[in-house]
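**Q** Structure file run37.txt (compact mmCIF, C-alpha atoms) right here:
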# COMPACT_ATOMS: atom_id res chain seq x y z
CA MET J 1 110.68 78.77 95.54
CA ARG J 2 113.00 76.30 97.22
CA GLU J 3 115.90 78.46 96.21
CA GLU J 4 114.31 81.50 97.88
CA ILE J 5 113.88 79.56 101.11
CA LEU J 6 117.50 78.40 101.02
CA ILE J 7 118.77 81.92 100.41
CA LYS J 8 116.60 83.31 103.19
CA ASN J 9 117.96 80.64 105.56
CA LEU J 10 121.49 81.44 104.45
CA GLN J 11 120.97 85.15 105.05
CA ASN J 12 119.69 84.30 108.51
CA GLY J 13 122.94 82.47 109.25
CA ASP J 14 122.11 78.85 108.39
CA ALA J 15 125.25 77.53 106.63
CA SER J 16 123.69 74.10 105.92
CA ALA J 17 121.62 75.72 103.15
CA LEU J 18 124.85 75.91 101.15
CA ASP J 19 124.87 72.12 100.63
CA GLU J 20 121.75 72.17 98.55
CA LEU J 21 122.32 75.57 96.97
CA ILE J 22 125.76 74.67 95.63
CA SER J 23 124.60 71.23 94.48
CA MET J 24 121.83 72.90 92.50
CA TYR J 25 124.19 75.08 90.49
CA TYR J 26 127.66 73.56 90.60
CA GLN J 27 127.45 71.50 87.39
CA GLU J 28 125.93 74.40 85.49
CA ILE J 29 128.60 76.88 86.57
CA LEU J 30 131.37 74.35 85.98
CA ARG J 31 130.06 73.76 82.48
CA TYR J 32 130.11 77.52 81.92
CA CYS J 33 133.66 77.84 83.23
CA ILE J 34 134.86 74.92 81.08
CA TRP J 35 133.91 76.96 78.02
CA HIS J 36 136.11 79.85 79.15
CA ALA J 37 139.00 77.98 80.74
CA PRO J 38 141.92 76.34 78.91
CA ASP J 39 141.42 73.03 80.76
CA ARG J 40 139.14 71.23 83.17
CA THR J 41 141.26 71.81 86.25
CA GLN J 42 141.30 75.55 85.82
CA ALA J 43 137.59 75.51 85.11
CA GLU J 44 137.09 73.80 88.46
CA ASP J 45 139.22 76.50 90.10
CA ALA J 46 137.11 79.20 88.46
CA ALA J 47 133.89 77.48 89.56
CA GLN J 48 135.18 77.20 93.11
CA GLU J 49 136.17 80.87 93.11
CA THR J 50 132.71 81.77 91.82
CA PHE J 51 130.93 80.04 94.67
CA LEU J 52 133.27 81.46 97.29
CA LYS J 53 132.65 85.00 96.03
CA ALA J 54 128.91 84.35 95.84
CA VAL J 55 128.86 83.23 99.47
CA LYS J 56 130.91 86.25 100.49
CA TYR J 57 128.59 88.78 98.85
CA LEU J 58 125.31 86.96 99.45
CA GLY J 59 125.58 86.80 103.22
CA ASN J 60 126.41 90.43 103.84
CA PHE J 61 124.70 92.62 101.31
CA GLY J 62 121.46 90.80 100.69
CA PHE J 63 121.14 90.67 96.94
CA SER J 64 117.83 91.05 95.14
CA GLY J 65 116.92 89.33 91.89
CA LYS J 66 117.59 85.85 90.63
CA PHE J 67 120.34 83.82 92.25
CA ARG J 68 121.20 82.12 88.99
CA ALA J 69 121.88 85.43 87.24
CA PHE J 70 123.89 86.55 90.28
CA LEU J 71 126.05 83.41 90.05
CA TYR J 72 126.58 83.72 86.33
CA LYS J 73 127.66 87.35 86.65
CA ILE J 74 130.24 86.35 89.25
CA ALA J 75 131.37 83.41 87.08
CA ALA J 76 131.76 85.69 84.06
CA ASN J 77 133.82 88.21 86.02
CA THR J 78 135.92 85.44 87.61
CA CYS J 79 136.72 83.99 84.18
CA ILE J 80 137.62 87.46 82.87
CA ASP J 81 139.94 88.05 85.87
CA MET J 82 141.59 84.68 85.42
CA GLN J 83 141.97 85.34 81.70
CA LYS J 84 143.67 88.67 82.48
CA ASN J 85 146.08 86.76 84.70
CA LYS J 86 146.50 84.43 81.69
CA TRP J 87 145.06 81.54 83.68
CA ASN J 88 147.49 79.38 85.59
CA GLN J 89 150.08 78.38 83.06
CA HIS J 90 151.87 75.99 85.38
CA THR J 91 149.58 73.03 85.75
CA ALA J 92 151.32 70.00 87.19
CA LEU J 93 151.02 66.81 85.18
CA GLU J 94 149.46 64.90 88.05
CA ASP J 95 146.71 67.57 88.31
CA LEU J 96 145.62 67.09 84.74
CA GLN J 97 142.44 65.16 84.13
CA GLU J 98 142.68 62.08 82.06
CA GLU J 99 141.28 62.68 78.65
CA PRO J 100 137.51 62.38 78.86
CA SER J 101 136.08 59.76 76.59
CA TYR J 102 133.48 60.76 74.12
CA VAL J 103 130.37 58.81 73.51
CA GLU J 104 130.72 56.79 70.34
CA LYS J 105 129.26 58.84 67.55
CA ASP J 106 130.04 58.74 63.91
CA PHE J 107 133.04 60.90 63.15
CA LYS J 108 131.18 63.23 60.81
CA ASN J 109 128.77 64.38 63.55
CA VAL J 110 131.58 64.96 66.03
CA GLU J 111 133.56 66.92 63.47
CA GLU J 112 130.52 69.04 62.62
CA GLU J 113 129.85 69.80 66.25
CA LEU J 114 133.46 70.79 66.87
CA VAL J 115 133.34 73.09 63.85
CA ILE J 116 130.18 74.71 65.21
CA CYS J 117 131.96 75.28 68.53
CA SER J 118 134.90 76.88 66.79
CA LEU J 119 132.54 79.10 64.77
CA VAL J 120 130.94 80.23 68.03
CA LYS J 121 134.40 81.06 69.40
CA ASN J 122 134.99 83.29 66.35
CA LEU J 123 132.07 85.54 67.29
CA GLU J 124 132.51 88.71 69.32
CA LEU J 125 132.90 88.06 73.02
CA LYS J 126 129.47 89.36 74.00
CA ASP J 127 127.76 87.39 71.22
CA GLN J 128 129.72 84.29 72.18
CA GLU J 129 128.48 84.71 75.71
CA ILE J 130 124.87 85.04 74.60
CA VAL J 131 125.02 81.96 72.35
CA LEU J 132 126.74 79.93 75.09
CA LEU J 133 124.18 80.93 77.71
CA ARG J 134 121.28 80.20 75.37
CA PHE J 135 122.37 76.90 73.83
CA GLY J 136 125.06 75.68 76.18
CA GLN J 137 123.47 76.59 79.48
CA ASN J 138 119.82 76.58 78.30
CA LEU J 139 118.98 79.87 79.96
CA LYS J 140 115.98 81.98 79.03
CA LEU J 141 116.44 85.27 77.21
CA ARG J 142 115.32 87.25 80.25
CA GLU J 143 117.97 85.55 82.41
CA ILE J 144 120.62 86.10 79.74
CA ALA J 145 119.66 89.79 79.56
CA GLU J 146 120.14 90.12 83.31
CA ILE J 147 123.51 88.36 83.23
CA VAL J 148 125.04 90.24 80.31
CA GLY J 149 123.48 93.55 81.35
CA LEU J 150 121.65 94.26 78.10
CA PRO J 151 117.94 94.80 77.37
CA MET J 152 116.09 91.64 76.41
CA ARG J 153 115.32 92.86 72.91
CA THR J 154 119.00 93.57 72.30
CA VAL J 155 119.89 90.05 73.44
CA GLN J 156 117.23 88.63 71.13
CA SER J 157 118.47 90.54 68.10
CA ARG J 158 122.14 89.81 68.80
CA LEU J 159 121.35 86.12 69.17
CA LYS J 160 119.49 86.13 65.88
CA VAL J 161 122.38 87.87 64.11
CA SER J 162 124.96 85.48 65.65
CA LEU J 163 122.96 82.43 64.60
CA LYS J 164 122.68 83.80 61.05
CA VAL J 165 126.46 84.33 60.96
CA ILE J 166 127.10 80.75 62.17
CA GLU J 167 124.65 79.33 59.65
CA LYS J 168 126.21 81.35 56.85
CA GLU J 169 129.72 80.23 57.83
CA MET J 170 128.59 76.63 57.93
CA LYS J 171 126.94 76.80 54.53
CA GLY J 172 129.92 78.60 53.10
CA GLY J 173 132.37 76.06 54.59
CA ASN J 174 132.68 72.35 54.03
CA LEU J 175 129.72 71.43 56.13
CA ARG J 176 126.20 71.50 54.65
CA MET I 1 117.64 79.91 61.81
CA SER I 2 116.08 76.48 61.31
CA ARG I 3 115.14 74.28 64.22
CA LYS I 4 117.55 71.64 62.89
CA MET I 5 120.39 74.13 63.10
CA LYS I 6 119.45 75.12 66.66
CA GLU I 7 119.43 71.45 67.64
CA LYS I 8 122.89 71.03 66.10
CA LEU I 9 124.08 73.99 68.13
CA SER I 10 122.71 72.51 71.38
CA ARG I 11 124.32 69.13 70.56
CA ALA I 12 127.60 70.85 69.75
CA PHE I 13 127.69 72.33 73.23
CA GLU I 14 126.85 68.95 74.72
CA THR I 15 129.81 67.43 72.94
CA TYR I 16 132.00 70.20 74.29
CA ASP I 17 130.51 69.76 77.71
CA VAL I 18 132.31 66.91 79.43
CA CYS I 19 130.46 67.19 82.72
CA LYS I 20 127.75 64.74 81.86
CA LEU I 21 130.27 62.25 80.57
CA ASN I 22 132.20 62.10 83.79
CA ASN I 23 131.19 59.75 86.49
CA VAL I 24 129.05 60.75 89.41
CA GLU I 25 131.72 59.95 92.02
CA HIS I 26 134.15 62.35 90.41
CA MET I 27 131.56 65.14 90.40
CA GLN I 28 130.78 64.53 94.07
CA ALA I 29 134.50 64.45 94.86
CA VAL I 30 134.91 67.83 93.20
CA GLU I 31 131.76 69.36 94.64
CA GLU I 32 132.32 68.39 98.27
CA PRO I 33 135.49 70.47 98.85
CA VAL I 34 133.76 73.47 97.26
CA ILE I 35 130.84 73.14 99.69
CA GLN I 36 133.20 72.86 102.68
CA LEU I 37 135.24 75.86 101.52
CA ALA I 38 132.07 77.87 100.93
CA LYS I 39 130.87 77.04 104.46
CA ALA I 40 134.20 78.15 105.89
CA GLN I 41 134.01 81.37 103.88
CA PHE I 42 130.46 81.91 105.09
CA GLN I 43 131.43 81.49 108.74
CA LYS I 44 134.24 83.97 108.24
CA SER I 45 132.27 86.64 106.44
CA TYR I 46 128.76 86.34 107.87
CA ARG I 47 127.56 89.19 110.05
CA ASN I 48 124.23 89.38 111.75
CA LYS I 49 122.11 91.34 109.38
CA ASN I 50 120.50 94.43 110.84
CA LYS I 51 116.75 94.25 110.55
CA PHE I 52 114.61 97.14 109.35
CA ARG I 53 113.33 97.78 112.86
CA ASP I 54 116.93 98.32 114.01
CA LEU I 55 117.30 100.89 111.24
CA LEU I 56 114.08 102.56 112.30
CA LEU I 57 115.40 102.90 115.84
CA CYS I 58 118.67 104.32 114.54
CA GLN I 59 116.83 106.79 112.34
CA LEU I 60 114.72 107.80 115.31
CA LYS I 61 117.84 108.80 117.21
CA PHE I 62 119.51 110.22 114.14
CA CYS I 63 116.78 112.43 112.72
CA GLY I 64 113.42 111.46 114.24
CA ILE I 65 113.64 114.01 117.04
CA LYS I 66 114.56 116.77 114.55
CA MET I 67 111.65 115.85 112.28
CA TRP I 68 109.13 115.78 115.10
CA THR I 69 110.41 119.06 116.54
CA PHE I 70 109.99 120.63 113.12
CA GLU I 71 106.46 119.24 112.84
CA LEU I 72 105.61 120.42 116.36
CA LEU I 73 106.70 123.95 115.42
CA ILE I 74 104.54 123.82 112.28
CA ALA I 75 101.59 122.57 114.35
CA ILE I 76 101.97 125.44 116.85
CA ILE I 77 102.39 128.11 114.17
CA THR I 78 99.44 126.76 112.12
CA SER I 79 97.20 126.59 115.18
CA LEU I 80 98.08 130.19 116.19
CA ILE I 81 97.50 131.50 112.66
CA LEU I 82 94.22 129.64 112.35
CA ARG I 83 92.93 130.96 115.70
CA ASN I 84 93.64 134.51 114.61
CA LEU I 85 92.22 134.09 111.13
CA LEU I 86 89.11 132.33 112.32
CA ALA I 87 88.37 135.23 114.65
CA ASP I 88 87.46 137.22 111.54
CA PRO I 89 84.49 135.47 109.87
CA TYR I 90 84.60 137.82 106.87
CA PHE I 91 88.15 136.88 106.07
CA MET I 92 87.81 133.19 106.62
CA THR I 93 84.54 131.96 105.18
CA THR I 94 83.66 128.30 105.51
CA ARG I 95 84.49 127.70 101.86
CA LYS I 96 87.90 129.35 102.21
CA LEU I 97 88.52 127.41 105.39
CA VAL I 98 87.77 124.09 103.71
CA PHE I 99 90.05 125.05 100.81
CA PHE I 100 92.83 125.92 103.25
CA VAL I 101 92.37 122.70 105.21
CA VAL I 102 92.43 120.52 102.10
CA CYS I 103 95.56 122.21 100.71
CA PHE I 104 97.18 122.00 104.15
CA ALA I 105 96.45 118.27 104.31
CA ILE I 106 98.28 117.81 100.98
CA ALA I 107 101.14 120.17 101.86
CA VAL I 108 101.93 118.47 105.20
CA PRO I 109 103.45 115.30 103.67
CA MET I 110 105.48 117.53 101.31
CA MET I 111 107.36 118.86 104.34
CA LEU I 112 109.28 115.57 104.22
CA LEU I 113 111.03 116.74 101.04
CA PRO I 114 114.00 118.57 102.64
CA PHE I 115 114.80 115.48 104.75
CA LEU I 116 114.51 113.20 101.73
CA TYR I 117 116.66 115.52 99.62
CA ARG I 118 119.34 115.54 102.27
CA SER I 119 119.28 111.74 102.44
CA ILE I 120 119.50 111.33 98.70
CA ARG I 121 122.21 113.96 98.34
CA TYR I 122 124.40 112.67 101.16
CA GLN I 123 123.35 109.06 100.96
CA MET I 124 126.78 107.59 101.56
CA PHE I 125 127.39 109.41 104.80
CA GLU I 126 123.94 108.68 106.13
CA MET I 127 124.10 105.02 105.31
CA GLU I 128 127.56 104.63 106.77
CA SER I 129 126.49 106.22 109.99
CA VAL I 130 123.39 104.08 110.27
CA SER I 131 124.12 100.65 108.78
CA VAL I 132 124.56 98.98 105.42
CA PHE I 133 121.14 99.50 103.90
CA SER I 134 119.99 100.60 100.49
CA ILE I 135 119.02 104.25 100.13
CA LYS I 136 115.39 103.27 99.55
CA THR I 137 115.27 101.50 102.92
CA VAL I 138 116.61 104.62 104.62
CA LEU I 139 114.05 106.81 102.80
CA PHE I 140 111.19 104.52 103.78
CA SER I 141 112.28 104.64 107.42
CA LYS I 142 112.28 108.46 107.29
CA PHE I 143 108.85 108.40 105.67
CA LEU I 144 107.45 106.24 108.48
CA LEU I 145 108.91 108.44 111.21
CA PHE I 146 107.69 111.60 109.55
CA PHE I 147 104.23 110.09 109.05
CA GLY I 148 103.91 109.58 112.81
CA GLY I 149 104.52 113.30 113.33
CA GLU I 150 102.19 114.21 110.45
CA VAL I 151 99.30 112.37 112.05
CA LEU I 152 99.73 114.35 115.29
CA LEU I 153 100.13 117.61 113.39
CA VAL I 154 96.97 117.06 111.37
CA ALA I 155 95.09 115.91 114.49
CA SER I 156 96.09 119.07 116.36
CA VAL I 157 94.90 121.30 113.49
CA LEU I 158 91.68 119.31 113.34
CA LEU I 159 91.07 119.86 117.05
CA VAL I 160 91.76 123.59 116.78
CA LEU I 161 89.29 123.90 113.93
CA TRP I 162 86.69 121.83 115.70
CA ASN I 163 86.93 124.03 118.77
CA THR I 164 86.81 127.33 116.96
CA THR I 165 84.37 126.74 114.10
CA SER I 166 80.83 125.54 113.72
CA ILE I 167 81.82 122.76 111.30
CA THR I 168 81.22 119.30 112.71
CA PHE I 169 84.07 116.94 113.49
CA ALA I 170 82.88 114.44 110.87
CA GLU I 171 82.89 117.09 108.16
CA LEU I 172 86.34 118.32 109.13
CA ALA I 173 87.65 114.76 109.21
CA GLY I 174 86.32 114.22 105.71
CA CYS I 175 88.01 117.43 104.50
CA ILE I 176 91.38 116.55 106.01
CA LEU I 177 91.60 112.76 105.85
CA ILE I 178 90.89 112.15 102.18
CA PRO I 179 93.54 114.50 100.71
CA PHE I 180 95.99 113.64 103.51
CA LEU I 181 95.69 109.90 102.97
CA LEU I 182 95.66 110.31 99.19
CA ALA I 183 98.91 112.29 99.31
CA ASN I 184 100.61 109.77 101.61
CA ASP I 185 99.45 106.74 99.65
CA GLY I 186 100.69 108.39 96.46
CA TYR I 187 104.09 109.02 98.06
CA LEU I 188 104.30 105.42 99.22
CA LEU I 189 103.60 104.22 95.71
CA LEU I 190 106.26 106.57 94.29
CA LEU I 191 108.72 105.38 96.94
CA LYS I 192 108.11 101.83 95.77
CA LYS I 193 108.28 102.45 92.04
CA ILE I 194 110.57 105.43 91.37
CA LYS I 195 114.38 105.42 91.58
CA SER I 196 115.80 107.23 94.57
CA GLU I 197 117.53 109.90 92.43
CA LYS I 198 114.17 111.02 90.99
CA LEU I 199 112.16 110.69 94.18
CA CYS I 200 112.24 114.32 95.33
CA GLN I 201 111.10 115.60 91.95
CA SER I 202 108.35 112.95 91.82
CA PHE I 203 107.08 113.83 95.29
CA LEU I 204 107.06 117.52 94.48
CA GLY I 205 105.35 116.94 91.14
CA PHE I 206 102.70 114.73 92.69
CA GLY I 207 101.97 117.26 95.45
CA ILE I 208 101.67 120.10 92.95
CA VAL I 209 99.33 118.05 90.74
CA LEU I 210 97.10 117.25 93.71
CA ILE I 211 96.93 120.89 94.78
CA ALA I 212 96.18 121.92 91.18
CA ILE I 213 93.30 119.42 91.10
CA ILE I 214 91.94 120.87 94.35
CA VAL I 215 92.19 124.45 93.06
CA ILE I 216 90.44 123.54 89.80
CA SER I 217 87.70 121.55 91.51
CA PHE I 218 87.04 124.39 93.94
CA ARG I 219 86.74 126.83 91.08
CA LEU I 220 84.37 124.58 89.17
CA THR I 221 82.11 123.40 91.97
CA GLU I 222 80.04 125.42 94.34
CA GLN I 223 79.32 122.43 96.52
CA MET I 224 81.82 121.42 99.15
CA LEU I 225 81.42 117.76 98.44
CA TRP I 226 83.91 116.44 100.92
CA MET I 227 82.25 118.12 103.79
CA ARG I 228 79.42 115.65 103.77
CA MET I 229 80.27 112.44 105.59
CA THR I 230 78.46 110.16 103.18
CA PRO I 231 78.95 106.39 102.94
CA ALA I 232 81.11 107.06 99.88
CA THR I 233 83.38 109.32 101.95
CA VAL I 234 83.68 106.70 104.69
CA VAL I 235 84.43 103.97 102.17
CA SER I 236 87.04 106.19 100.49
CA ILE I 237 88.75 106.91 103.80
CA LEU I 238 88.75 103.23 104.76
CA GLY I 239 90.02 102.24 101.34
CA LEU I 240 92.88 104.74 101.49
CA VAL I 241 93.81 103.63 105.01
CA LEU I 242 93.82 99.96 104.01
CA TYR I 243 95.85 100.67 100.88
CA GLY I 244 98.38 102.66 102.89
CA VAL I 245 98.68 99.91 105.49
CA TYR I 246 99.07 97.27 102.78
CA GLN I 247 101.80 99.23 100.98
CA SER I 248 103.63 99.94 104.23
CA MET I 249 103.54 96.30 105.28
CA THR I 250 104.78 95.17 101.88
CA LEU I 251 107.69 97.59 102.04
CA PHE I 252 108.40 96.73 105.68
CA LYS I 253 108.53 93.04 104.84
CA LYS I 254 110.72 93.68 101.82
CA TYR I 255 113.29 95.67 103.79
CA GLU I 256 113.20 93.56 106.97
Now, as a test, write the supplied structure out as structure tokens.

**A**
Amino acid sequence: MREEILIKNLQNGDASALDELISMYYQEILRYCIWHAPDRTQAEDAAQETFLKAVKYLGNFGFSGKFRAFLYKIAANTCIDMQKNKWNQHTALEDLQEEPSYVEKDFKNVEEELVICSLVKNLELKDQEIVLLRFGQNLKLREIAEIVGLPMRTVQSRLKVSLKVIEKEMKGGNLR
Amino acid sequence: MSRKMKEKLSRAFETYDVCKLNNVEHMQAVEEPVIQLAKAQFQKSYRNKNKFRDLLLCQLKFCGIKMWTFELLIAIITSLILRNLLADPYFMTTRKLVFFVVCFAIAVPMMLLPFLYRSIRYQMFEMESVSVFSIKTVLFSKFLLFFGGEVLLVASVLLVLWNTTSITFAELAGCILIPFLLANDGYLLLLKKIKSEKLCQSFLGFGIVLIAIIVISFRLTEQMLWMRMTPATVVSILGLVLYGVYQSMTLFKKYE
């Protein structure tokens, strides 16, 4: 509801609505871009590009539908474009983030979680996307269907199949 | 997949996700430039959005005059034909007259079809020459303009019939208004629900179905039910008017 009011204000020319609108979604989109980007800095670039494009298209053409799905679609296309341009290979040392510290967990759990992430990355691109949006971004199936451009039932069945593949790989591997 | 496994998957993404582990100041430091850049982009690319009423005015200049001229011609021709036909009471019995009037009331909204077809076929050129609106918005604006002309056309036919026949005004109104409003409300609903590419076929199909229902009901019943201005007729007319107004306002608000 609040989002609809902000978008309406934005479409009527009120730029201050951007403060709240971007704050609502920035972390989410950045998290999504981090999954696709080689490092944090380039993920931030991709997230910034996403919001700039969203503002460009939102103001003029008056989109219909959910803003979140709209943002994710732009983020997905931005990451694909940047991937085609092989991301920015020349990152200066001073631009690199210092290594983020992990919360102290026992090593076994961390290792397991990293293996799960690598198993997800082995899936087909579309399936990867669906699993990421469902478990990484906590989106509903209907929202995922809108973002990836597939019917909801297809998303549901593909998610089920992907999860079975991951579970099978995990049982078949060292982890139980 | 077990719930435990799904939880592991969610936790795995949390581990991968470093956002939550970074401090709040860093996030704000990263977010703030994005907001400022987005505002600058917005100022650069924002144009005052044309409202639906601006489109309506444009459509009026673009094709409204043509539509109304066409409807005026139809009104004149229909009135002349009716005057001549009604002069011969053996040719045009009351029952035949009512049948004609009811079918005419359904056929009038169908005259919009050529204009709609042209819009759908040449949608890019029309939209470019008007403004950046979706094709449905343009079609709705044409519908509204055409409806204005339809009302006058139907009113003129009603007056001609009232002057030249012994049927009362209330009875004629009942004969014309119910099928006319039913047809228009149906078209409004189709405009709302159906994709623009299939709209012409849907309108045509709906009109043909309505006329088929009228033909069948006239064959089956001896009574000319609609001729009697009963409370049910009044309620039906009011209901159809209110529904039409409600649909129009919803669409107007949506496209504004």

**Q** Interatomic distance between atom CA of I:Ser10 and atom CA of J:Glu49?

**A**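 Separation of atom CA of I:Ser10 and atom CA of J:Glu49: 26.9 Å.
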
**Q** Using only C-alpha atoms, find the one residue out of I:Leu152, I:Leu242, I:Ala107, I:Ile35 that sits nearest to J:Thr50.

**A**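 For J:Thr50, the nearest of the given residues is I:Ile35.
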
**Q** Could you tell me how far atom CA of I:Glu71 sits from atom CA of I:Ser196, in Å to one decimal place?

**A**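 We find that atom CA of I:Ser196 and atom CA of I:Glu71 lie 23.8 Å from each other.
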
**Q** Give me, as a VMD selection string, the contact residues of chain J against chain I at a cut-off of 8 Å, counting all atoms listed in the file.

**A** chain J and resid 11 to 13 15 to 16 18 to 19 22 to 23 26 to 27 30 to 31 34 to 35 44 48 51 to 52 55 to 56 59 to 61 100 to 103 110 112 to 114 116 to 117 132 135 to 136 160 163 to 164 167

**Q** Mind pulling up the distance from atom CA of I:Thr137 to atom CA of I:Leu55?

**A**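 If I compute the distance from atom CA of I:Leu55 to atom CA of I:Thr137, I get 8.6 Å.
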
**Q** Give me the residues within 9 Å of stretch 165-179 of chain I as a VMD selection string, counting all atoms listed in the file and dropping any in the same chain fewer than 2 places off.

**A** chain I and resid 86 94 98 to 99 101 to 106 154 158 to 163 181 to 184 210 225 to 229 233 to 234 236 to 237 240

**Q** What's the 8 Å shell around I:Leu153, counting only C-alpha atoms, without same-chain residues fewer than 5 positions away, as an mmCIF file with C-alpha atoms, keeping the file's coordinate frame?

**A**
data_model
loop_
_atom_site.group_PDB
_atom_site.id
_atom_site.type_symbol
_atom_site.label_atom_id
_atom_site.label_comp_id
_atom_site.auth_asym_id
_atom_site.auth_seq_id
_atom_site.Cartn_x
_atom_site.Cartn_y
_atom_site.Cartn_z
ATOM 1 C CA GLU I 71 106.460 119.240 112.840
ATOM 2 C CA LEU I 72 105.610 120.420 116.360
ATOM 3 C CA ILE I 74 104.540 123.820 112.280
ATOM 4 C CA ALA I 75 101.590 122.570 114.350
#

**Q** Any idea what's packed within 8 Å of J:Val120, counting only C-alpha atoms, ignoring anything in its chain fewer than 6 positions away? Could you give it as a PyMOL selection string?

**A** chain J and resi 128+131+166

**Q** Measuring atom to atom with all atoms listed in the file, identify which of I:Phe218, I:Tyr243, I:Phe147, I:Tyr187 is nearest to I:Leu199.

**A**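 Between I:Phe218, I:Tyr243, I:Phe147, I:Tyr187, the residue approaching I:Leu199 most closely is I:Tyr187.
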
**Q** Select, from I:Cys200, I:Leu220, I:Ile65, I:Val151, the residue with the minimum atom-to-atom distance to I:Val108, counting all atoms listed in the file.

**A**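 Closest residue, counting all atoms listed in the file: I:Val151.
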
**Q** For J:Phe70, please output as a VMD selection string all residues within 12 Å (counting all atoms listed in the file; exclusion window: fewer than 5 positions along the same chain).

**A** chain J and resid 25 29 50 to 51 53 to 55 57 to 58 62 to 65 75 to 77 143 to 149

**Q** Would you list the contacts of I:Leu112 as a ChimeraX atom specification, taking every protein, DNA or RNA residue within 12 Å and counting only C-alpha atoms, but skipping same-chain residues closer than 6 positions in sequence?

**A** /I:63-64,66-68,70-71,106,118-119,139-150,183-184,187,199-200,203-204,207

**Q** With distances taken over all atoms listed in the file, which of I:Lys193, I:Gly186, I:Ala29, I:Leu251 is nearest to I:Val209?

**A** I:Gly186

**Q** Of the residues J:Arg68, J:Lys140, J:Lys73, J:His36, which is the one nearest to J:Leu125, using all atoms listed in the file?

**A**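 Of J:Arg68, J:Lys140, J:Lys73, J:His36, the one nearest J:Leu125, counting all atoms listed in the file, is J:His36.
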